[in-house]
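**Student:** Just input_2.json, nothing more (JSON, C-alpha atoms):
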[["chain", "number", "residue", "atom", "x", "y", "z"],
["A", 168, "MET", "CA", -9.78, 8.32, 17.26],
["A", 169, "GLN", "CA", -12.80, 7.75, 15.02],
["A", 170, "ILE", "CA", -15.13, 4.78, 15.06],
["A", 171, "ALA", "CA", -17.54, 3.98, 12.25],
["A", 172, "VAL", "CA", -20.48, 1.61, 12.55],
["A", 173, "GLU", "CA", -22.44, 0.11, 9.67],
["A", 174, "VAL", "CA", -25.79, -1.63, 10.15],
["A", 175, "LEU", "CA", -25.83, -4.79, 8.02],
["A", 176, "ASN", "CA", -28.84, -6.43, 6.40],
["A", 177, "HIS", "CA", -27.57, -9.85, 7.47],
["A", 178, "GLU", "CA", -25.03, -11.28, 9.89],
["A", 179, "GLU", "CA", -21.44, -11.44, 8.72],
["A", 180, "ILE", "CA", -18.56, -13.06, 10.56],
["A", 181, "LEU", "CA", -15.08, -11.84, 9.74],
["A", 182, "GLU", "CA", -12.37, -14.42, 10.41],
["A", 183, "PRO", "CA", -8.91, -13.29, 11.63],
["A", 184, "HIS", "CA", -7.39, -14.24, 8.25],
["A", 185, "GLN", "CA", -9.85, -12.00, 6.38],
["A", 186, "MET", "CA", -10.14, -8.25, 5.84],
["A", 187, "VAL", "CA", -12.70, -5.85, 4.43],
["A", 188, "ILE", "CA", -11.72, -3.82, 1.37],
["A", 189, "GLN", "CA", -13.77, -0.87, 0.18],
["A", 190, "LEU", "CA", -14.18, -0.61, -3.61],
["A", 191, "ARG", "CA", -15.45, 2.08, -5.96],
["A", 192, "GLN", "CA", -15.89, 1.66, -9.70],
["A", 193, "TRP", "CA", -14.29, 4.28, -11.95],
["A", 194, "SER", "CA", -16.24, 5.11, -15.09],
["A", 195, "PRO", "CA", -13.56, 6.34, -17.53],
["A", 196, "SER", "CA", -15.97, 7.68, -20.14],
["A", 197, "GLU", "CA", -17.90, 9.74, -17.57],
["A", 198, "GLN", "CA", -15.00, 10.47, -15.20],
["A", 199, "THR", "CA", -17.08, 9.51, -12.16],
["A", 200, "LEU", "CA", -16.78, 7.13, -9.24],
["A", 201, "ASP", "CA", -19.71, 4.94, -8.23],
["A", 202, "ASP", "CA", -20.78, 4.56, -4.61],
["A", 203, "PRO", "CA", -18.46, 2.42, -2.49],
["A", 204, "PHE", "CA", -19.16, -1.16, -1.49],
["A", 205, "ASP", "CA", -17.28, -3.62, 0.71],
["A", 206, "ILE", "CA", -15.84, -6.98, -0.16],
["A", 207, "ILE", "CA", -14.23, -9.54, 2.17],
["A", 208, "VAL", "CA", -10.93, -11.10, 1.04],
["A", 209, "ASP", "CA", -8.22, -13.21, 2.64],
["A", 210, "ARG", "CA", -5.28, -11.17, 3.90],
["A", 211, "ILE", "CA", -2.95, -13.27, 1.72],
["A", 212, "SER", "CA", -5.02, -12.75, -1.44],
["A", 213, "ASN", "CA", -3.35, -11.37, -4.53],
["A", 214, "ILE", "CA", -4.77, -8.95, -7.06],
["A", 215, "GLY", "CA", -5.82, -11.76, -9.41],
["A", 216, "GLU", "CA", -7.90, -13.34, -6.63],
["A", 217, "LEU", "CA", -9.47, -9.96, -5.84],
["A", 218, "LYS", "CA", -10.42, -9.61, -9.51],
["A", 219, "ALA", "CA", -12.01, -13.09, -9.39],
["A", 220, "SER", "CA", -14.05, -12.04, -6.34],
["A", 221, "LEU", "CA", -15.12, -8.89, -8.18],
["A", 222, "CYS", "CA", -16.25, -10.98, -11.18],
["A", 223, "GLU", "CA", -18.52, -12.98, -8.87],
["A", 224, "LYS", "CA", -20.06, -9.79, -7.49],
["A", 225, "LEU", "CA", -20.30, -7.87, -10.78],
["A", 226, "GLU", "CA", -21.88, -8.90, -14.02],
["A", 227, "GLY", "CA", -20.59, -8.04, -17.45],
["A", 228, "ILE", "CA", -16.88, -7.39, -16.81],
["A", 229, "PRO", "CA", -14.58, -10.34, -17.55],
["A", 230, "ARG", "CA", -11.73, -10.85, -15.06],
["A", 231, "GLU", "CA", -9.07, -9.98, -17.66],
["A", 232, "CYS", "CA", -10.77, -6.62, -18.28],
["A", 233, "ILE", "CA", -10.78, -5.49, -14.64],
["A", 234, "SER", "CA", -8.05, -3.03, -13.67],
["A", 235, "VAL", "CA", -7.55, -2.27, -9.98],
["A", 236, "ALA", "CA", -5.63, 0.57, -8.33],
["A", 237, "LYS", "CA", -5.04, 1.91, -4.84],
["A", 238, "ALA", "CA", -6.53, 5.36, -4.43],
["A", 239, "TYR", "CA", -5.41, 7.94, -1.90],
["A", 240, "GLY", "CA", -7.54, 10.85, -0.73],
["A", 241, "TYR", "CA", -5.72, 13.36, -2.93],
["A", 242, "HIS", "CA", -6.55, 11.26, -6.02],
["A", 243, "LEU", "CA", -10.26, 11.54, -5.30],
["A", 244, "LYS", "CA", -10.19, 15.34, -5.05],
["A", 245, "ASP", "CA", -9.27, 15.75, -8.72],
["A", 246, "LEU", "CA", -11.21, 13.16, -10.72],
["A", 247, "GLU", "CA", -10.43, 14.87, -14.01],
["A", 248, "ASN", "CA", -6.75, 13.98, -13.57],
["A", 249, "LEU", "CA", -7.31, 10.61, -11.88],
["A", 250, "PRO", "CA", -6.21, 8.58, -14.95],
["A", 251, "LEU", "CA", -2.93, 10.53, -15.03],
["A", 252, "SER", "CA", -2.06, 10.06, -11.38],
["A", 253, "ILE", "CA", -2.97, 6.47, -10.63],
["A", 254, "ASN", "CA", -1.24, 3.18, -11.40],
["A", 255, "TRP", "CA", -3.60, 0.70, -13.07],
["A", 256, "ASP", "CA", -0.72, -1.51, -14.23],
["A", 257, "VAL", "CA", -0.15, -3.76, -11.19],
["A", 258, "ASN", "CA", 0.85, -7.42, -11.51],
["A", 259, "ASN", "CA", -1.92, -9.93, -10.68],
["A", 260, "GLU", "CA", 0.49, -11.84, -8.40],
["A", 261, "VAL", "CA", 1.00, -8.88, -6.03],
["A", 262, "ILE", "CA", -0.24, -9.72, -2.51],
["A", 263, "LEU", "CA", -2.74, -7.11, -1.27],
["A", 264, "THR", "CA", -1.08, -6.68, 2.14],
["A", 265, "LYS", "CA", 2.45, -6.43, 0.74],
["A", 266, "THR", "CA", 4.37, -3.99, -1.46],
["A", 267, "PRO", "CA", 3.37, -1.79, -3.22],
["A", 268, "TRP", "CA", -0.04, -1.43, -1.50],
["A", 269, "TYR", "CA", 0.27, -2.73, 2.10],
["A", 270, "LEU", "CA", -3.53, -2.83, 2.46],
["A", 271, "VAL", "CA", -5.26, -2.94, 5.84],
["A", 272, "ASP", "CA", -8.91, -3.32, 6.81],
["A", 273, "GLY", "CA", -11.17, -0.70, 5.26],
["A", 274, "GLU", "CA", -8.66, 0.46, 2.65],
["A", 275, "LEU", "CA", -10.08, 1.94, -0.55],
["A", 276, "LEU", "CA", -9.37, 0.51, -4.00],
["A", 277, "ILE", "CA", -10.84, 1.63, -7.27],
["A", 278, "PHE", "CA", -11.47, -0.55, -10.28],
["A", 279, "LYS", "CA", -12.54, -0.06, -13.87],
["A", 280, "ASP", "CA", -13.50, -1.91, -17.01],
["A", 281, "SER", "CA", -10.31, -1.54, -19.06],
["A", 282, "ARG", "CA", -12.28, -1.96, -22.31],
["A", 283, "ILE", "CA", -13.72, 1.54, -21.83],
["A", 284, "PRO", "CA", -11.25, 4.19, -23.03],
["A", 285, "GLU", "CA", -10.23, 7.03, -20.73],
["A", 286, "ILE", "CA", -11.03, 10.65, -21.58],
["A", 287, "LEU", "CA", -7.56, 12.09, -22.10],
["A", 288, "PRO", "CA", -6.28, 15.66, -22.37],
["A", 289, "ASP", "CA", -5.81, 16.89, -25.93],
["A", 290, "GLY", "CA", -2.81, 15.34, -27.65],
["A", 291, "MET", "CA", -2.33, 12.56, -25.06],
["A", 292, "THR", "CA", -2.46, 8.91, -26.11],
["A", 293, "GLU", "CA", -3.12, 5.74, -24.09],
["A", 294, "ASN", "CA", 0.63, 5.02, -24.30],
["A", 295, "ASP", "CA", 1.41, 8.45, -22.82],
["A", 296, "LEU", "CA", -1.07, 7.67, -20.05],
["A", 297, "LYS", "CA", 0.74, 4.44, -19.12],
["A", 298, "LYS", "CA", 4.04, 6.31, -18.93],
["A", 299, "SER", "CA", 2.67, 9.10, -16.74],
["A", 300, "SER", "CA", 0.51, 7.17, -14.26],
["A", 301, "GLY", "CA", 1.89, 5.82, -11.00],
["A", 302, "PHE", "CA", 4.76, 3.45, -11.66],
["A", 303, "GLY", "CA", 3.46, 2.92, -15.21],
["A", 304, "SER", "CA", 5.61, 0.83, -17.49],
["A", 305, "ARG", "CA", 8.51, 0.81, -15.05],
["A", 306, "GLY", "CA", 6.87, -1.98, -13.03],
["A", 307, "ASN", "CA", 6.12, -2.08, -9.34],
["A", 308, "ARG", "CA", 9.49, -1.27, -7.88],
["A", 309, "GLU", "CA", 9.69, -0.24, -4.28],
["A", 310, "VAL", "CA", 11.72, 2.92, -3.87],
["A", 311, "GLY", "CA", 14.22, 2.88, -1.01],
["A", 312, "ILE", "CA", 16.94, 4.95, 0.54],
["A", 313, "THR", "CA", 20.53, 4.05, 1.29],
["A", 314, "ILE", "CA", 22.61, 5.83, 3.91],
["A", 315, "ASN", "CA", 26.34, 5.48, 3.51],
["A", 316, "THR", "CA", 28.59, 6.29, 6.45],
["A", 317, "VAL", "CA", 32.33, 6.42, 6.94],
["A", 318, "TYR", "CA", 33.57, 4.90, 10.17],
["A", 319, "THR", "CA", 37.06, 5.62, 11.49],
["A", 320, "GLU", "CA", 38.70, 5.52, 14.92],
["A", 321, "GLU", "CA", 39.10, 9.28, 14.75],
["A", 322, "GLY", "CA", 35.38, 9.70, 14.08],
["A", 323, "LYS", "CA", 34.56, 7.36, 17.00],
["A", 324, "LYS", "CA", 36.73, 9.47, 19.34],
["A", 325, "LYS", "CA", 34.92, 12.64, 18.25],
["A", 326, "ILE", "CA", 31.52, 11.04, 18.85],
["A", 327, "ASP", "CA", 32.64, 9.71, 22.24],
["A", 328, "ALA", "CA", 33.93, 13.16, 23.16],
["A", 329, "LEU", "CA", 30.58, 14.72, 22.22],
["A", 330, "ARG", "CA", 28.77, 12.13, 24.34],
["A", 331, "GLY", "CA", 31.15, 12.66, 27.24],
["A", 332, "ASN", "CA", 32.58, 9.15, 27.02],
["A", 333, "THR", "CA", 36.23, 8.48, 27.71],
["A", 334, "ASN", "CA", 38.30, 5.39, 27.21],
["A", 335, "GLU", "CA", 38.26, 4.79, 30.99],
["A", 336, "GLN", "CA", 34.44, 4.64, 31.02],
["A", 337, "GLU", "CA", 34.45, 2.14, 28.14],
["A", 338, "GLU", "CA", 36.91, -0.17, 29.93],
["A", 339, "GLU", "CA", 34.75, -0.34, 33.11]]
Show me, as structure tokens, the structure contained in the file I just sent.

**Tutor:**
Amino acid sequence: MQIAVEVLNHEEILEPHQMVIQLRQWSPSEQTLDDPFDIIVDRISNIGELKASLCEKLEGIPRECISVAKAYGYHLKDLENLPLSINWDVNNEVILTKTPWYLVDGELLIFKDSRIPEILPDGMTENDLKKSSGFGSRGNREVGITINTVYTEEGKKKIDALRGNTNEQEEE
């Protein structure tokens, strides 16, 4: 287990309905990430409300020009390909603690000014970027798995035999 402690300049009280999110700004034209900072949001906040909180903290980026994405450690190891591997196209109504992000305290998000164009590999367009990144234009669908089974009396008898069950044991 690891414990991190941060000395604050002033007292902060975190209510049970709030959480701390770590944010880093992506600079598309320079392909760099700024130093992280923390922001406190309600656990039931959506992405639009997070953007509004960011607008209060930042100057010069209108709310409609802020794009936010969840970053995983492997994204941050290859900043050159970050625009290709991350989903900036997330609905403003998505709740931070629900699908597709399931955020918890201390989670890292990155944001950018969407007015600044990304540096793209040769021959790639902004439209190609949207198709290749994260869920892209397909929306924020949660991928699931379905397991289909076939149940028969014969199959039940085989399973019971493997378990050492007999009909007499079931009747008791």

**Student:** Report as number ranges by chain all protein, DNA and RNA residues lying within 9 Å of Ile206 of chain A, evaluated on only C-alpha atoms, omitting residues in the same chain fewer than 6 positions from it.

**Tutor:** A: 186-190, 220-221, 224

**Student:** Counting only C-alpha atoms, which residues sit no farther than 10 Å from the position (-7.6, -6.6, 8.6) in the file's frame? I'd like them as a list in words.

**Tutor:**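 Checking each residue against the 10 Å limit leaves Leu181, Glu182, Pro183, His184, Gln185, Met186, Val187, Ile188, Ile207, Val208, Asp209, Arg210, Thr264, Leu270, Val271, Asp272, Gly273 and Glu274 of chain A.
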
**Student:** Smallest atom-to-atom distance to Cys222 of chain A: which of A:Lys325, A:Lys237, A:Lys244, A:Lys279, using all atoms listed in the file?

**Tutor:**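 So, comparing all the options, the nearest one is A:Lys279.
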
**Student:** Any idea what's packed within 9 Å of Leu287 of chain A, counting all atoms listed in the file, ignoring anything in its chain fewer than 2 positions away? Could you give it as a PyMOL selection string?

**Tutor:** chain A and resi 248+250-251+284-285+289-293+296

**Student:** As an exercise, work out the distance from atom CA of Tyr239 of chain A to atom CA of Leu276 of chain A in Å and give it to one decimal place.

**Tutor:**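 Here the two named atoms are 8.7 Å from each other.
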
**Student:** Out of A:Pro267, A:Pro203, A:Gly215, A:Gly227, which residue has the shortest atom-to-atom distance to Arg191 of chain A when counting all atoms listed in the file?

**Tutor:**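 Ranking A:Pro267, A:Pro203, A:Gly215, A:Gly227 by distance to Arg191 of chain A, first place goes to A:Pro203.
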
**Student:** In Å, with one decimal, what is the gap from atom CA of Asp201 of chain A to atom CA of Ile253 of chain A?

**Tutor:** 17.0 Å

**Student:** Quick check, in Å to one decimal: how far apart do atom CA of Val235 of chain A and atom CA of Leu275 of chain A lie?

**Tutor:**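 Value for the atom CA of Val235 of chain A-atom CA of Leu275 of chain A distance: 10.6 Å.
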
**Student:** Tell me, as JSON, numbers by chain, which residues lie within 9 Å of Leu249 of chain A, counting only C-alpha atoms; anything in the same chain fewer than 5 positions away does not count.

**Tutor:** {"A": [198, 242, 243, 244, 300]}

**Student:** Could you please give me, as an MDAnalysis selection string, the residues of protein, DNA or RNA lying at most 10 Å from (-6.9, -8.9, -6.2) in the coordinate frame of the file, considering only C-alpha atoms?

**Tutor:** chainID A and resid 208:209 211:221 233:236 257:263 276

**Student:** When you get a chance, write out N, CA and C atoms for segment 197-232 of chain A, as a short mmCIF file (atom, residue, chain, number, x, y, z; two decimals), keeping the file's coordinate frame.

**Tutor:**
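Ended up saving to rebuild_21.cif:
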data_model
loop_
_atom_site.label_atom_id
_atom_site.label_comp_id
_atom_site.auth_asym_id
_atom_site.auth_seq_id
_atom_site.Cartn_x
_atom_site.Cartn_y
_atom_site.Cartn_z
N GLU A 197 -17.15 8.69 -18.25
CA GLU A 197 -17.90 9.74 -17.57
C GLU A 197 -17.06 10.48 -16.53
N GLN A 198 -15.90 9.95 -16.23
CA GLN A 198 -15.00 10.47 -15.20
C GLN A 198 -15.73 10.62 -13.87
N THR A 199 -16.38 9.54 -13.45
CA THR A 199 -17.08 9.51 -12.16
C THR A 199 -16.74 8.24 -11.40
N LEU A 200 -16.94 8.30 -10.10
CA LEU A 200 -16.78 7.13 -9.24
C LEU A 200 -18.14 6.73 -8.71
N ASP A 201 -18.46 5.44 -8.79
CA ASP A 201 -19.71 4.94 -8.23
C ASP A 201 -19.61 4.91 -6.71
N ASP A 202 -20.74 4.67 -6.06
CA ASP A 202 -20.78 4.56 -4.61
C ASP A 202 -19.91 3.38 -4.16
N PRO A 203 -19.32 3.51 -2.98
CA PRO A 203 -18.46 2.42 -2.49
C PRO A 203 -19.26 1.21 -2.01
N PHE A 204 -18.61 0.06 -2.08
CA PHE A 204 -19.16 -1.16 -1.49
C PHE A 204 -17.99 -1.94 -0.90
N ASP A 205 -18.31 -2.84 0.02
CA ASP A 205 -17.28 -3.62 0.71
C ASP A 205 -17.22 -5.03 0.15
N ILE A 206 -16.03 -5.60 0.22
CA ILE A 206 -15.84 -6.98 -0.16
C ILE A 206 -14.87 -7.59 0.86
N ILE A 207 -15.09 -8.85 1.20
CA ILE A 207 -14.23 -9.54 2.17
C ILE A 207 -13.27 -10.43 1.39
N VAL A 208 -11.98 -10.29 1.70
CA VAL A 208 -10.93 -11.10 1.04
C VAL A 208 -9.98 -11.64 2.10
N ASP A 209 -9.27 -12.71 1.76
CA ASP A 209 -8.22 -13.21 2.64
C ASP A 209 -7.06 -12.22 2.64
N ARG A 210 -6.40 -12.10 3.78
CA ARG A 210 -5.28 -11.17 3.90
C ARG A 210 -4.11 -11.56 2.98
N ILE A 211 -4.05 -12.83 2.60
CA ILE A 211 -2.95 -13.27 1.72
C ILE A 211 -3.38 -13.33 0.25
N SER A 212 -4.54 -12.76 -0.05
CA SER A 212 -5.02 -12.75 -1.44
C SER A 212 -4.12 -11.87 -2.31
N ASN A 213 -4.07 -12.23 -3.58
CA ASN A 213 -3.35 -11.37 -4.53
C ASN A 213 -4.38 -10.63 -5.39
N ILE A 214 -3.89 -9.78 -6.25
CA ILE A 214 -4.77 -8.95 -7.06
C ILE A 214 -5.63 -9.80 -8.00
N GLY A 215 -5.05 -10.86 -8.54
CA GLY A 215 -5.82 -11.76 -9.41
C GLY A 215 -7.01 -12.37 -8.68
N GLU A 216 -6.81 -12.77 -7.42
CA GLU A 216 -7.90 -13.34 -6.63
C GLU A 216 -8.96 -12.28 -6.30
N LEU A 217 -8.52 -11.05 -6.06
CA LEU A 217 -9.47 -9.96 -5.84
C LEU A 217 -10.32 -9.74 -7.09
N LYS A 218 -9.68 -9.77 -8.25
CA LYS A 218 -10.42 -9.61 -9.51
C LYS A 218 -11.44 -10.73 -9.68
N ALA A 219 -11.08 -11.96 -9.30
CA ALA A 219 -12.01 -13.09 -9.39
C ALA A 219 -13.21 -12.86 -8.47
N SER A 220 -12.96 -12.35 -7.26
CA SER A 220 -14.05 -12.04 -6.34
C SER A 220 -14.95 -10.95 -6.90
N LEU A 221 -14.34 -9.96 -7.55
CA LEU A 221 -15.12 -8.89 -8.18
C LEU A 221 -16.01 -9.44 -9.29
N CYS A 222 -15.47 -10.37 -10.08
CA CYS A 222 -16.25 -10.98 -11.18
C CYS A 222 -17.49 -11.68 -10.65
N GLU A 223 -17.37 -12.31 -9.47
CA GLU A 223 -18.52 -12.98 -8.87
C GLU A 223 -19.58 -11.97 -8.45
N LYS A 224 -19.13 -10.82 -7.99
CA LYS A 224 -20.06 -9.79 -7.49
C LYS A 224 -20.66 -8.96 -8.63
N LEU A 225 -19.87 -8.71 -9.66
CA LEU A 225 -20.30 -7.87 -10.78
C LEU A 225 -20.71 -8.74 -11.96
N GLU A 226 -21.53 -8.19 -12.79
CA GLU A 226 -21.88 -8.90 -14.02
C GLU A 226 -21.42 -8.06 -15.20
N GLY A 227 -20.89 -8.73 -16.21
CA GLY A 227 -20.59 -8.04 -17.45
C GLY A 227 -19.14 -7.62 -17.65
N ILE A 228 -18.30 -7.74 -16.62
CA ILE A 228 -16.88 -7.39 -16.81
C ILE A 228 -16.06 -8.67 -16.62
N PRO A 229 -15.43 -9.15 -17.69
CA PRO A 229 -14.58 -10.34 -17.55
C PRO A 229 -13.36 -10.02 -16.67
N ARG A 230 -12.86 -11.02 -15.98
CA ARG A 230 -11.73 -10.85 -15.06
C ARG A 230 -10.54 -10.15 -15.73
N GLU A 231 -10.24 -10.55 -16.97
CA GLU A 231 -9.07 -9.98 -17.66
C GLU A 231 -9.26 -8.52 -18.04
N CYS A 232 -10.48 -8.02 -17.94
CA CYS A 232 -10.77 -6.62 -18.28
C CYS A 232 -10.92 -5.73 -17.05
#
